[in-house]
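A.B. asks: What follows is the file final_6.txt, containing compact mmCIF, N, CA and C atoms:
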```txt
# COMPACT_ATOMS: atom_id res chain seq x y z
N MET X 5 -1.26 4.76 17.07
CA MET X 5 -1.29 5.34 15.73
C MET X 5 -2.72 5.31 15.21
N ASP X 6 -3.16 6.42 14.66
CA ASP X 6 -4.51 6.56 14.14
C ASP X 6 -4.62 5.87 12.77
N TYR X 7 -5.79 5.31 12.46
CA TYR X 7 -5.98 4.61 11.19
C TYR X 7 -5.69 5.51 9.99
N SER X 8 -6.05 6.78 10.09
CA SER X 8 -5.84 7.67 8.95
C SER X 8 -4.37 7.99 8.73
N ASP X 9 -3.51 7.75 9.71
CA ASP X 9 -2.08 7.98 9.56
C ASP X 9 -1.36 6.77 8.96
N ILE X 10 -1.99 5.63 8.93
CA ILE X 10 -1.33 4.41 8.46
C ILE X 10 -1.29 4.34 6.93
N LEU X 11 -2.43 4.55 6.27
CA LEU X 11 -2.49 4.50 4.82
C LEU X 11 -2.08 5.86 4.26
N ILE X 12 -1.02 5.89 3.47
CA ILE X 12 -0.55 7.15 2.90
C ILE X 12 -1.21 7.41 1.55
N ARG X 13 -1.12 6.43 0.64
CA ARG X 13 -1.75 6.59 -0.67
C ARG X 13 -1.84 5.23 -1.34
N PRO X 14 -2.80 5.08 -2.26
CA PRO X 14 -2.85 3.85 -3.05
C PRO X 14 -1.79 3.93 -4.15
N LEU X 15 -1.25 2.80 -4.52
CA LEU X 15 -0.29 2.73 -5.62
C LEU X 15 -1.00 2.17 -6.84
N VAL X 16 -1.17 3.00 -7.84
CA VAL X 16 -1.85 2.58 -9.06
C VAL X 16 -0.81 2.48 -10.16
N THR X 17 -0.38 1.26 -10.44
CA THR X 17 0.57 0.99 -11.50
C THR X 17 -0.03 -0.09 -12.39
N GLU X 18 0.69 -0.41 -13.44
CA GLU X 18 0.21 -1.45 -14.35
C GLU X 18 0.12 -2.79 -13.61
N LYS X 19 1.13 -3.10 -12.82
CA LYS X 19 1.15 -4.37 -12.09
C LYS X 19 0.06 -4.41 -11.02
N SER X 20 -0.13 -3.31 -10.29
CA SER X 20 -1.14 -3.31 -9.23
C SER X 20 -2.55 -3.37 -9.81
N THR X 21 -2.75 -2.82 -11.00
CA THR X 21 -4.05 -2.90 -11.65
C THR X 21 -4.37 -4.35 -12.03
N ILE X 22 -3.38 -5.07 -12.51
CA ILE X 22 -3.57 -6.49 -12.84
C ILE X 22 -3.86 -7.29 -11.58
N GLN X 23 -3.16 -6.98 -10.47
CA GLN X 23 -3.40 -7.68 -9.21
C GLN X 23 -4.79 -7.37 -8.67
N GLY X 24 -5.32 -6.18 -8.95
CA GLY X 24 -6.65 -5.79 -8.48
C GLY X 24 -7.74 -6.69 -9.02
N GLU X 25 -7.53 -7.27 -10.18
CA GLU X 25 -8.51 -8.19 -10.76
C GLU X 25 -8.62 -9.47 -9.94
N SER X 26 -7.57 -9.83 -9.20
CA SER X 26 -7.62 -11.04 -8.37
C SER X 26 -7.86 -10.71 -6.90
N GLY X 27 -8.27 -9.46 -6.61
CA GLY X 27 -8.62 -9.10 -5.24
C GLY X 27 -7.47 -8.60 -4.39
N LYS X 28 -6.34 -8.24 -5.02
CA LYS X 28 -5.19 -7.71 -4.27
C LYS X 28 -5.03 -6.23 -4.61
N TYR X 29 -4.82 -5.41 -3.55
CA TYR X 29 -4.68 -3.98 -3.72
C TYR X 29 -3.40 -3.52 -3.04
N VAL X 30 -2.76 -2.50 -3.60
CA VAL X 30 -1.44 -2.08 -3.15
C VAL X 30 -1.52 -0.65 -2.59
N PHE X 31 -0.88 -0.45 -1.42
CA PHE X 31 -0.87 0.85 -0.76
C PHE X 31 0.54 1.19 -0.31
N GLU X 32 0.84 2.49 -0.28
CA GLU X 32 2.02 2.96 0.44
C GLU X 32 1.56 3.22 1.86
N VAL X 33 2.27 2.69 2.83
CA VAL X 33 1.86 2.79 4.22
C VAL X 33 2.98 3.41 5.05
N SER X 34 2.65 3.77 6.27
CA SER X 34 3.63 4.33 7.21
C SER X 34 4.72 3.30 7.48
N LYS X 35 5.96 3.78 7.62
CA LYS X 35 7.09 2.88 7.84
C LYS X 35 6.99 2.13 9.16
N SER X 36 6.29 2.70 10.13
CA SER X 36 6.20 2.06 11.44
C SER X 36 4.96 1.19 11.61
N ALA X 37 4.14 1.07 10.58
CA ALA X 37 2.89 0.30 10.66
C ALA X 37 3.17 -1.20 10.62
N THR X 38 2.42 -1.95 11.43
CA THR X 38 2.52 -3.41 11.43
C THR X 38 1.44 -3.99 10.52
N LYS X 39 1.52 -5.30 10.28
CA LYS X 39 0.52 -5.94 9.43
C LYS X 39 -0.88 -5.83 10.04
N LYS X 40 -0.99 -6.02 11.33
CA LYS X 40 -2.30 -5.94 11.99
C LYS X 40 -2.87 -4.54 11.92
N GLN X 41 -2.03 -3.51 12.06
CA GLN X 41 -2.49 -2.14 11.95
C GLN X 41 -2.95 -1.83 10.52
N ILE X 42 -2.23 -2.33 9.53
CA ILE X 42 -2.61 -2.12 8.13
C ILE X 42 -3.93 -2.81 7.84
N LEU X 43 -4.10 -4.04 8.33
CA LEU X 43 -5.35 -4.77 8.15
C LEU X 43 -6.52 -3.99 8.73
N SER X 44 -6.37 -3.50 9.95
CA SER X 44 -7.44 -2.74 10.60
C SER X 44 -7.73 -1.44 9.87
N ALA X 45 -6.69 -0.75 9.39
CA ALA X 45 -6.87 0.52 8.70
C ALA X 45 -7.62 0.35 7.38
N VAL X 46 -7.30 -0.70 6.62
CA VAL X 46 -7.99 -0.94 5.35
C VAL X 46 -9.44 -1.31 5.60
N GLU X 47 -9.69 -2.16 6.59
CA GLU X 47 -11.07 -2.54 6.92
C GLU X 47 -11.87 -1.32 7.38
N TRP X 48 -11.24 -0.43 8.16
CA TRP X 48 -11.92 0.78 8.64
C TRP X 48 -12.19 1.76 7.50
N ALA X 49 -11.21 1.97 6.62
CA ALA X 49 -11.33 2.99 5.58
C ALA X 49 -12.27 2.59 4.46
N PHE X 50 -12.28 1.33 4.07
CA PHE X 50 -13.03 0.91 2.89
C PHE X 50 -14.18 -0.04 3.20
N GLU X 51 -14.36 -0.42 4.46
CA GLU X 51 -15.44 -1.31 4.88
C GLU X 51 -15.46 -2.61 4.09
N VAL X 52 -14.31 -3.28 4.06
CA VAL X 52 -14.15 -4.56 3.40
C VAL X 52 -13.53 -5.55 4.39
N ARG X 53 -13.52 -6.82 4.03
CA ARG X 53 -12.89 -7.84 4.88
C ARG X 53 -11.54 -8.23 4.27
N VAL X 54 -10.48 -8.10 5.04
CA VAL X 54 -9.13 -8.38 4.56
C VAL X 54 -8.73 -9.79 4.99
N LEU X 55 -8.22 -10.57 4.03
CA LEU X 55 -7.76 -11.93 4.33
C LEU X 55 -6.29 -11.96 4.71
N SER X 56 -5.45 -11.20 4.00
CA SER X 56 -4.01 -11.23 4.30
C SER X 56 -3.36 -9.91 3.91
N VAL X 57 -2.21 -9.67 4.54
CA VAL X 57 -1.42 -8.47 4.26
C VAL X 57 0.03 -8.89 4.07
N ASN X 58 0.62 -8.51 2.95
CA ASN X 58 2.05 -8.72 2.70
C ASN X 58 2.72 -7.35 2.70
N VAL X 59 3.88 -7.24 3.35
CA VAL X 59 4.55 -5.96 3.51
C VAL X 59 5.94 -6.04 2.91
N ILE X 60 6.34 -4.97 2.22
CA ILE X 60 7.66 -4.89 1.59
C ILE X 60 8.28 -3.56 1.98
N ASN X 61 9.49 -3.59 2.52
CA ASN X 61 10.23 -2.37 2.81
C ASN X 61 11.09 -2.04 1.59
N ILE X 62 10.87 -0.87 1.01
CA ILE X 62 11.58 -0.45 -0.20
C ILE X 62 12.69 0.52 0.21
N ARG X 63 13.91 0.20 -0.15
CA ARG X 63 15.02 1.12 0.14
C ARG X 63 15.06 2.19 -0.95
N GLY X 64 15.33 3.42 -0.53
CA GLY X 64 15.42 4.53 -1.47
C GLY X 64 16.63 4.40 -2.39
N LYS X 65 16.45 4.81 -3.63
CA LYS X 65 17.54 4.73 -4.59
C LYS X 65 18.55 5.85 -4.35
N ILE X 66 19.79 5.58 -4.70
CA ILE X 66 20.81 6.62 -4.63
C ILE X 66 20.90 7.26 -6.01
N LYS X 67 20.70 8.56 -6.04
CA LYS X 67 20.74 9.33 -7.28
C LYS X 67 21.86 10.35 -7.19
N ARG X 68 22.24 10.89 -8.32
CA ARG X 68 23.27 11.93 -8.34
C ARG X 68 22.65 13.22 -8.85
N TYR X 69 22.88 14.29 -8.11
CA TYR X 69 22.46 15.62 -8.53
C TYR X 69 23.73 16.43 -8.72
N GLY X 70 24.08 16.68 -9.97
CA GLY X 70 25.39 17.28 -10.25
C GLY X 70 26.45 16.24 -9.92
N GLY X 71 27.39 16.61 -9.09
CA GLY X 71 28.41 15.65 -8.69
C GLY X 71 28.14 15.03 -7.34
N ARG X 72 27.05 15.42 -6.71
CA ARG X 72 26.78 14.96 -5.35
C ARG X 72 25.79 13.80 -5.32
N PRO X 73 26.12 12.74 -4.62
CA PRO X 73 25.14 11.66 -4.47
C PRO X 73 24.07 12.06 -3.45
N SER X 74 22.85 11.64 -3.72
CA SER X 74 21.74 11.91 -2.83
C SER X 74 20.89 10.65 -2.75
N LYS X 75 20.14 10.50 -1.66
CA LYS X 75 19.35 9.28 -1.47
C LYS X 75 17.88 9.63 -1.35
N ARG X 76 17.05 8.92 -2.10
CA ARG X 76 15.61 9.07 -1.96
C ARG X 76 15.16 8.38 -0.68
N PRO X 77 14.05 8.81 -0.11
CA PRO X 77 13.64 8.21 1.18
C PRO X 77 13.19 6.76 1.05
N ASP X 78 13.40 5.99 2.13
CA ASP X 78 12.88 4.63 2.22
C ASP X 78 11.38 4.70 2.45
N TRP X 79 10.64 3.66 2.01
CA TRP X 79 9.20 3.63 2.22
C TRP X 79 8.73 2.18 2.31
N LYS X 80 7.49 2.01 2.73
CA LYS X 80 6.92 0.68 2.93
C LYS X 80 5.70 0.50 2.04
N LYS X 81 5.60 -0.68 1.42
CA LYS X 81 4.48 -1.00 0.54
C LYS X 81 3.73 -2.19 1.12
N ALA X 82 2.40 -2.14 1.06
CA ALA X 82 1.58 -3.24 1.56
C ALA X 82 0.68 -3.75 0.45
N ILE X 83 0.64 -5.07 0.28
CA ILE X 83 -0.27 -5.71 -0.66
C ILE X 83 -1.35 -6.39 0.17
N VAL X 84 -2.59 -5.97 -0.04
CA VAL X 84 -3.71 -6.41 0.78
C VAL X 84 -4.62 -7.28 -0.06
N LYS X 85 -4.91 -8.49 0.42
CA LYS X 85 -5.83 -9.39 -0.28
C LYS X 85 -7.18 -9.34 0.41
N LEU X 86 -8.23 -9.08 -0.39
CA LEU X 86 -9.59 -8.96 0.16
C LEU X 86 -10.34 -10.27 0.02
N ALA X 87 -11.40 -10.38 0.80
CA ALA X 87 -12.27 -11.55 0.73
C ALA X 87 -13.01 -11.58 -0.61
N GLU X 88 -13.45 -12.75 -0.98
CA GLU X 88 -14.18 -12.94 -2.24
C GLU X 88 -15.43 -12.06 -2.26
N GLY X 89 -15.61 -11.32 -3.33
CA GLY X 89 -16.78 -10.45 -3.47
C GLY X 89 -16.56 -9.02 -3.02
N ASP X 90 -15.50 -8.75 -2.24
CA ASP X 90 -15.20 -7.39 -1.81
C ASP X 90 -14.29 -6.72 -2.84
N SER X 91 -14.44 -5.40 -2.97
CA SER X 91 -13.56 -4.65 -3.86
C SER X 91 -13.47 -3.22 -3.33
N ILE X 92 -12.46 -2.49 -3.81
CA ILE X 92 -12.26 -1.10 -3.44
C ILE X 92 -12.52 -0.27 -4.68
N GLN X 93 -13.51 0.60 -4.64
CA GLN X 93 -13.91 1.37 -5.83
C GLN X 93 -12.84 2.35 -6.29
N LEU X 94 -11.98 2.77 -5.39
CA LEU X 94 -10.93 3.73 -5.72
C LEU X 94 -10.05 3.24 -6.88
N PHE X 95 -9.79 1.94 -6.92
CA PHE X 95 -8.92 1.38 -7.94
C PHE X 95 -9.64 1.09 -9.24
N GLU X 96 -10.96 1.08 -9.22
CA GLU X 96 -11.72 0.72 -10.41
C GLU X 96 -12.20 1.94 -11.18
N GLY X 97 -11.77 3.12 -10.76
CA GLY X 97 -12.10 4.33 -11.49
C GLY X 97 -13.51 4.85 -11.24
N ALA X 98 -14.21 4.32 -10.25
CA ALA X 98 -15.58 4.78 -9.98
C ALA X 98 -15.62 5.75 -8.83
```
Kindly present the structure from the file in structure tokens form.

C.D. replies:
Amino acid sequence: MDYSDILIRPLVTEKSTIQGESGKYVFEVSKSATKKQILSAVEWAFEVRVLSVNVINIRGKIKRYGGRPSKRPDWKKAIVKLAEGDSIQLFEGA
């Protein structure tokens, strides 16, 4: 798997912005990506040193459209902790 295929998008929410102040950044990643692949992809893409990666598999919600139930897709979220002094400018609005 190529590094550019692993990271799908950054997740910028109120909670992830607060975590960014302590050096943790949140990404939506490929469902088949492992922790080591995510670590390598973040280090390659942003040229930072990653200390740890936490991964969460999110199940899609079941919604109703008219009378029919439908399911949103499952996805994977990764919380990446960076080394002291490193940061990702994408999350800081620069």

A.B. asks: What lies within 8 Å of range 25-38 of chain X using only N, CA and C atoms, ignoring chain neighbours under 2 positions off, as a PyMOL selection string?

C.D. replies: chain X and resi 9-16+20-23+40-44+59+61+78-92

A.B. asks: Kindly list the centre and edge lengths in Å, rounded to one decimal, for the axis-aligned box that covers all listed atoms of range 65-84 of chain X plus 5 Å on each of its six sides, as lines of an AutoDock Vina configuration file.

C.D. replies:
```
center_x = 11.9
center_y = 5.0
center_z = -3.7
size_x = 43.0
size_y = 34.6
size_z = 23.2
```

A.B. asks: Quote the spacing between atom C of Glu51 in chain X and CA of Gln93 in chain X in Å to one decimal place.

C.D. replies: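 Going from atom C of Glu51 in chain X over to CA of Gln93 in chain X, I get 10.8 Å.
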
A.B. asks: What does the structure give for the distance between CA of Arg63 in chain X and CA of Arg76 in chain X, in Å to one decimal?

C.D. replies: 8.2 Å

A.B. asks: Identify all residues of range 15-90 of chain X in alpha helix (DSSP H) (DSSP on the backbone) and supply them as a list of chain:residue names.

C.D. replies: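 Alpha helix (DSSP H) members of range 15-90 of chain X, listed: X:Glu18, X:Lys19, X:Ser20, X:Thr21, X:Ile22, X:Gln23, X:Gly24, X:Lys39, X:Lys40, X:Gln41, X:Ile42, X:Leu43, X:Ser44, X:Ala45, X:Val46, X:Glu47, X:Trp48, X:Ala49, X:Phe50.
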